[in-house]
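Reading through the structure tokens given below for one structure.
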Number of protein chains: 2
Amino acid sequence: MSKERSEILMEYLVTRGFIWPSFEIYRSMVEVGGFYDYGPLGVELKRNIIEKWRRVFIYPYQDIIYEIETPIIMPEIVFQASGHLEHFTDYIVECLKCGRKYRADHLVEEELKKRGINIRTEGLSERDIEKLIIEHGIRCPQCGGELSKVYRFNLLFRTTIGPYSNNVGYIRPETAQGMFVSFPRVFDLAGRKLPFGIAQIGKVGRNEISPRQGLIRLREFSQMEIELFFDPKNPTCPFLDDVRDVTVRVVTEDEVKKAIEEGRDPVPIELKPKDIIERRIVPNEWMAFYMALAVVYLNELGIPVDHQYFLAKLPEERAHYAACAFDQMVYSERFGWIEVSGLAYRTDYDLSRHEKFSGRELRAERTLEKPIEVETVRVYPNPQKIREVYGDKAREVMKLIASIDEENARRLASGESIKLGDYVISPEMVFIKVEKRKITREKFVPHVVEPSFGIDRIVYVTLEHAFTLVDGDKILLKLPPDIAPIKVAVLPLVRKEPLVSIGVKIARELYRKGLKVLYDDDGSIGTRYSRCDELGIPIAITVDDRTVEDNTVTLRDRDTKMQVRAKISDVYNIVRSVIEDRKNLLNLGKELGLELVERA
Amino acid sequence: MSKERSEILMEYLVTRGFIWPSFEIYRSMVEVGGFYDYGPLGVELKRNIIEKWRRVFIYPYQDIIYEIETPIIMPEIVFQASGHLEHFTDYIVECLKCGRKYRADHLVEEELKKRGINIRTEGLSERDIEKLIIEHGIRCPQCGGELSKVYRFNLLFRTTIGPYSNNVGYIRPETAQGMFVSFPRVFDLAGRKLPFGIAQIGKVGRNEISPRQGLIRLREFSQMEIELFFDPKNPTCPFLDDVRDVTVRVVTEDEVKKAIEEGRDPVPIELKPKDIIERRIVPNEWMAFYMALAVVYLNELGIPVDHQYFLAKLPEERAHYAACAFDQMVYSERFGWIEVSGLAYRTDYDLSRHEKFSGRELRAERTLEKPIEVETVRVYPNPQKIREVYGDKAREVMKLIASIDEENARRLASGESIKLGDYVISPEMVFIKVEKRKITREKFVPHVVEPSFGIDRIVYVTLEHAFTLVDGDKILLKLPPDIAPIKVAVLPLVRKEPLVSIGVKIARELYRKGLKVLYDDDGSIGTRYSRCDELGIPIAITVDDRTVEDNTVTLRDRDTKMQVRAKISDVYNIVRSVIEDRKNLLNLGKELGLELVERA
């Protein structure tokens, strides 16, 4: 997109009420970058994009996918367990003269770019970045002051819960943790069977150091995530057939490394899910399945397959929880290739950590291929011997022995002495009993594959892909009908009675059916059709003189400008077919034997 | 509801996956009351309840109501302007011995209730509550320690935005402020015409001191709000006819006062919106309109009119921004009468405050009934006289006079001397010019009526009203079909082929249409029908031997247990009619000439 076009788009999005920067009336007084409002059209569009995700990712798989909604504010211990308190940081550097703070890696990249040096900072340590600053003599871009050491800044928004100042909480940086923490409840609902998934759609907060780029980097944004839990010994996805024919463009880890070595851009290859699995590009079938489903999803939003690819993340680029990860990249004329979703193999990392921090078991069970025999060693106190050694402390020692753990019991059985509290226990102080048991089931922590979508970025790339300039400057927003915010326009051909009353009545009836409708009788019909095209309204209904005679109206197709004539009483069903079933208005007209209308 | 029944309900809600307390695995380790998760059924139910609100409050009025979505985190200045930093507080008291903190008014009420004393603390000052504590010798209920002075605790969740610790932000305690702050943008979209409204649905946070009562008092919850902006000189609501026949039960301010004086419960009167307006129970038509619409809304959720009333708030009970306010109360067997929505006349309070704090004009314009003539007084310096008095300071004095305000100009025109900075200015130092202008338009700050709904409480009362015990212990969840979380069950009569395959196929097709479906082939058909009734599933489809012969299935109506037989290919349309158009399955069956089925 030429710069001019991208500016037209941004102005369009703000003035038409899709999005605008939040708190505009206070922007000159406080620093509040990274927040956007959704206007009336944005709210509808976002809702349709979310609903589409449900239709692709949840509803068809609702026998195993459970959607829940957990709080945005979570107590500190959750993020101690999840590792976010430790790892969810960016590098920050401060100007020692003016006090301004910068995201260190971005600053280095930008300052070096100005000097014609392109550098990748992803995966570098704070010391590496510091070295670059010193080596290249980078200074504060605002005041020229010297820069501080590079340190890590935690991106969690911090608050306190209740009246005690030590009860710290954070705004969640991903919806995921709410799903891990509620694992026991949902696993019960799922009949404790694997595979099963938890889905969540909701707000998250990331306290970015200095966000820019509009909807692309926000401090508050929305995610749609699934945590798919499976048995690592049985990582089969039963739904692969649904996506058998989907072409996925993938840049493998090997290709990323090679491209870096050779100093070139990585090149995606086109694969079917089956190939991705067979070539071991991903460690389990679920990842291939979700890659393909993500392609289908964006495709449904109007983003062609060749404007998408999956980019492997190198180990040093991955989030702390991920054993394997891909970013789903979408081409934006304005921002270049941007990540709109991430697919991560989180293994048993999160559940294991929450087990450890909560002391609650977060496990599934599986039947062993063959039963195994296990030996249990039990020890019982020998009161006589204990009394001989410990006299009146014997009772206490016997208590300690009663609650001895397996490891100590084994050591005693093997002839070692052990220490319990202050007491040394020798093998002769206990009776040892070795039991053999057959075990047919074992417990394990399920593994997780996580597809994670950033809604706001998807809203942006959907809009950019739909935004078309016709004949130079006429805007046509070619959103798929089920994604378009306004579904129908109702336009009296001219502003006169009874056309206006009939139009208002049709509009109100569609309102009541729950459709988003634009009623417009202001200006020439041509201008109003253009307005409909600008807002991406798939169908424009025109009330004309013939309406008064025979109760018919015309329905105009946004993309072909063709019109059919139908009875007012059939309008709602036709609109519904076009929107929900994605039927083409003209084909539908043919099917129903409707009259084709020529209008200038 | 007997205590037993209310316990059955709560257990039911948790085990069936409607709601459960958040962070359960960490509850023994941290204090995190006031947070609830929505489970899979809760998410669907909540979504349906929100969608119904849109269908009642937004969609029919979409030509003037604009839905937007603004951030949850907002900068401090917003809440300085809104008054929440100063006023959004509860009384807190601390035990001087154990350090525990209590909400002071609740503590006093509870402790006195134990002693048989019933007291209303709403509207009392901190000193009043302190007096009650001292008078009655109330001590810490946990350790018996002495209590501190009563002070005010601000309920805003505080955080910081970005890397500077002085850039304070808060989680919004109401969605309203986002709408006031974005007023200029939306007012532009509305063509700068009044009346118009902004709607918002979203999360809010209130850092309650010690929340209990499940979904009734949460620290994080969801609201649905409308800010309806109108010209106070023209407070006409054009939609009154829509609610003409709605009966609203109202407890007026006078009745509240009388009831307090007479020591009895207030009694609601039944009125139509027209009466409410004529009797001046509310200060404008919009409040009567929204009262009626709120009654309609709850009624659509299954809450009968006689389980609702509007309760006037006395001046000392109102929020700081409200000139008039009513709470919509709903009867709960468990909690008594509880507030589920609030209707407030916020006047021009919020916009005026944001004008003051932002320096941005937040006004509309109106044409004056008749043009008025205004006199403007201008003064210009008389250089000679000024030089005579102030010599080489004359230049400075002339500058001051050039930027003189209207009030000072008038004083000079009337012959007074005034002071500008350090200088006394007498009338002879200026030339005075009086101009007369005709003005036909004037600017004003719009007034606001706000209906505000707490979603979580509405979810709770909806569930409580739907929850029915049949024959003592069989649960029937009588939710309206469009509100029910699961729409259809698909049940093979017995678990055998090809019944199972046909059932799975029907279920999957309904999944793909975006319906929430339960497929179940486990147990006797009677048990499964009971399970459907428990989950409130309006229609149960049974696949039986005849299905194999003629591709028909039976559809069972949850409430009457009657069944009709229909073709598989018609199932989706029948289900849709029952759910979206609220058609009765049996009447629909008659209309379509379907066979009625008798089944045990």
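Convention: chains lettered A, B, ... in structure tokens order; per-chain residue numbering from 1; ligands numbered from 1 as shown.
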Taking the DSSP assignment computed from this structure's backbone, write out as a compact mmCIF listing (two decimals) with C-alpha atoms, in the first residue's frame all residues of region 217-282 of chain B that belong to alpha helix (DSSP H).
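Final output, result.txt:
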# COMPACT_ATOMS: atom_id res chain seq x y z
CA GLU B 253 -39.10 8.80 46.66
CA ASP B 254 -42.09 9.91 48.74
CA GLU B 255 -43.06 6.33 49.45
CA VAL B 256 -39.49 5.48 50.51
CA LYS B 257 -39.52 8.37 52.99
CA LYS B 258 -42.95 7.51 54.29
CA ALA B 259 -42.05 3.86 54.72
CA ILE B 260 -38.96 4.82 56.72
CA GLU B 261 -40.99 7.16 58.92
CA PRO B 273 -44.93 4.95 31.48
CA LYS B 274 -47.43 7.74 30.71
CA ASP B 275 -48.51 7.84 34.38
CA ILE B 276 -44.94 7.85 35.60
CA ILE B 277 -44.29 10.93 33.50
CA GLU B 278 -47.54 12.71 34.34
Can you write out as a Markdown table which residues of chain B fall within 6 Å of chain A, alongside each residue's closest atom pair and its distance in Å to one decimal, counting only C-alpha atoms and ordering rows by chain and ascending residue number?
| residue | atom | partner | partner_atom | distance |
| --- | --- | --- | --- | --- |
| B:Ile25 | CA | A:Ser358 | CA | 6.0 |
| B:Tyr26 | CA | A:Ser358 | CA | 5.7 |
| B:Asp37 | CA | A:Thr70 | CA | 4.6 |
| B:Tyr38 | CA | A:Glu69 | CA | 5.0 |
| B:Gly39 | CA | A:Ile68 | CA | 4.8 |
| B:Pro40 | CA | A:Glu67 | CA | 5.1 |
| B:Val43 | CA | A:Ile68 | CA | 5.9 |
| B:Arg55 | CA | A:Gly514 | CA | 5.9 |
| B:Tyr59 | CA | A:Tyr511 | CA | 5.3 |
| B:Pro60 | CA | A:Tyr511 | CA | 5.0 |
| B:Tyr66 | CA | A:Pro40 | CA | 5.6 |
| B:Glu67 | CA | A:Pro40 | CA | 5.1 |
| B:Ile68 | CA | A:Gly39 | CA | 4.8 |
| B:Glu69 | CA | A:Tyr38 | CA | 5.0 |
| B:Thr70 | CA | A:Asp37 | CA | 4.6 |
| B:Arg158 | CA | A:Thr159 | CA | 5.6 |
| B:Thr159 | CA | A:Thr159 | CA | 5.2 |
| B:Gly162 | CA | A:Ile209 | CA | 5.2 |
| B:Pro163 | CA | A:Ile209 | CA | 5.7 |
| B:Asn207 | CA | A:Gly162 | CA | 5.6 |
| B:Ile209 | CA | A:Gly162 | CA | 5.2 |
| B:Ser358 | CA | A:Tyr26 | CA | 5.7 |
| B:Tyr511 | CA | A:Pro60 | CA | 5.0 |
| B:Arg512 | CA | A:Pro60 | CA | 5.2 |
| B:Gly514 | CA | A:Tyr59 | CA | 5.9 |
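Once chain B has been superposed on chain A by least squares across all Cα atoms, the two differ by an RMSD of 0.7 Å.
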Nearest to Asp521 (chain B) among B:Ala402, B:Leu586, B:Leu493, B:Ile539, with distances taken over only C-alpha atoms: which residue is it?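 Checking each of B:Ala402, B:Leu586, B:Leu493, B:Ile539 against Asp521 (chain B), counting only C-alpha atoms, the winner is B:Leu493.
With CA of Tyr460 (chain B) on one side and CA of Leu215 (chain B) on the other, the separation reads 6.7 Å.
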To one decimal place in Å, what is the distance between CA of Gly214 (chain B) and CA of Lys474 (chain B)?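 Going from CA of Gly214 (chain B) over to CA of Lys474 (chain B) covers 24.2 Å.
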Env of region 421-425 of chain B: 10 Å cut, atoms = only C-alpha atoms, seq-sep filter 3 positions within chain, self excluded. Answer as a CSV table (one decimal) with C-alpha atoms, in the first residue's frame.
chain,number,residue,atom,x,y,z
B,381,PRO,CA,-6.5,51.3,25.4
B,386,ILE,CA,-2.1,55.4,30.0
B,389,VAL,CA,-0.2,57.5,34.5
B,390,TYR,CA,2.2,54.6,33.9
B,393,LYS,CA,5.1,50.8,31.9
B,396,GLU,CA,2.7,46.4,29.4
B,397,VAL,CA,-0.5,47.9,30.6
B,400,LEU,CA,-3.1,43.7,29.7
B,401,ILE,CA,-6.0,45.7,28.5
B,412,LEU,CA,-15.1,49.7,33.2
B,416,GLU,CA,-15.8,51.4,37.9
B,417,SER,CA,-12.0,51.1,38.1
B,418,ILE,CA,-10.5,47.7,38.0
B,428,GLU,CA,-10.7,57.1,31.3
B,429,MET,CA,-7.8,54.9,30.3
B,430,VAL,CA,-9.9,53.1,27.8
Open item on the list: One decimal, in Å: what's the spacing between CA of Leu228 (chain A) and CA of Pro195 (chain A)?
Closed with: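 Interatomic distance, CA of Leu228 (chain A) to CA of Pro195 (chain A): 7.1 Å.
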List as a ChimeraX atom specification the protein and nucleic acid residues near Glu110 (chain A), meaning an atom at most 12 Å away when only C-alpha atoms are counted, but skip any in the same chain fewer than 2 places from it. /A:102-108,112-121,133,138-141
Report as a list in words all protein, DNA and RNA residues lying within 12 Å of Asn234 (chain A), evaluated on only C-alpha atoms, omitting residues in the same chain fewer than 6 positions from it.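 Here the qualifying residues turn out to be Leu194, Pro195, Pro283, Asn284, Glu285, Trp286, Arg366, Thr367, Glu369, Pro446 and His447 of chain A.
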Selection from above, N, CA, C and O atoms, as a CSV table (one decimal), in the first residue's frame, can you write it?
chain,number,residue,atom,x,y,z
A,194,LEU,N,-9.1,-37.4,27.4
A,194,LEU,CA,-8.3,-36.6,26.5
A,194,LEU,C,-8.5,-37.2,25.1
A,194,LEU,O,-8.8,-38.3,24.9
A,195,PRO,N,-8.3,-36.4,24.0
A,195,PRO,CA,-8.0,-35.0,24.0
A,195,PRO,C,-9.2,-34.2,24.3
A,195,PRO,O,-10.3,-34.6,24.1
A,283,PRO,N,5.8,-31.2,16.0
A,283,PRO,CA,6.1,-32.4,16.9
A,283,PRO,C,4.8,-33.2,17.1
A,283,PRO,O,4.9,-34.2,17.8
A,284,ASN,N,3.6,-32.7,16.6
A,284,ASN,CA,2.4,-33.5,16.8
A,284,ASN,C,1.3,-33.1,15.8
A,284,ASN,O,1.4,-32.1,15.2
A,285,GLU,N,0.3,-34.0,15.7
A,285,GLU,CA,-0.7,-33.7,14.7
A,285,GLU,C,-1.5,-32.5,15.0
A,285,GLU,O,-2.0,-31.8,14.0
A,286,TRP,N,-1.7,-32.2,16.2
A,286,TRP,CA,-2.6,-31.1,16.6
A,286,TRP,C,-2.0,-29.8,16.0
A,286,TRP,O,-2.8,-28.9,15.6
A,366,ARG,N,-3.9,-42.7,32.2
A,366,ARG,CA,-4.0,-43.6,31.0
A,366,ARG,C,-3.7,-45.0,31.4
A,366,ARG,O,-3.1,-45.3,32.4
A,367,THR,N,-4.3,-45.9,30.6
A,367,THR,CA,-4.0,-47.4,30.8
A,367,THR,C,-2.7,-47.7,30.2
A,367,THR,O,-2.3,-47.3,29.1
A,369,GLU,N,0.2,-49.8,28.5
A,369,GLU,CA,0.2,-50.8,27.4
A,369,GLU,C,0.2,-52.2,28.0
A,369,GLU,O,-0.6,-53.0,27.6
A,446,PRO,N,-1.1,-33.8,31.2
A,446,PRO,CA,-1.3,-33.7,29.8
A,446,PRO,C,-0.4,-32.6,29.1
A,446,PRO,O,0.0,-31.7,29.8
A,447,HIS,N,-0.2,-32.8,27.8
A,447,HIS,CA,0.6,-31.8,27.1
A,447,HIS,C,-0.4,-30.9,26.4
A,447,HIS,O,-1.6,-31.2,26.2
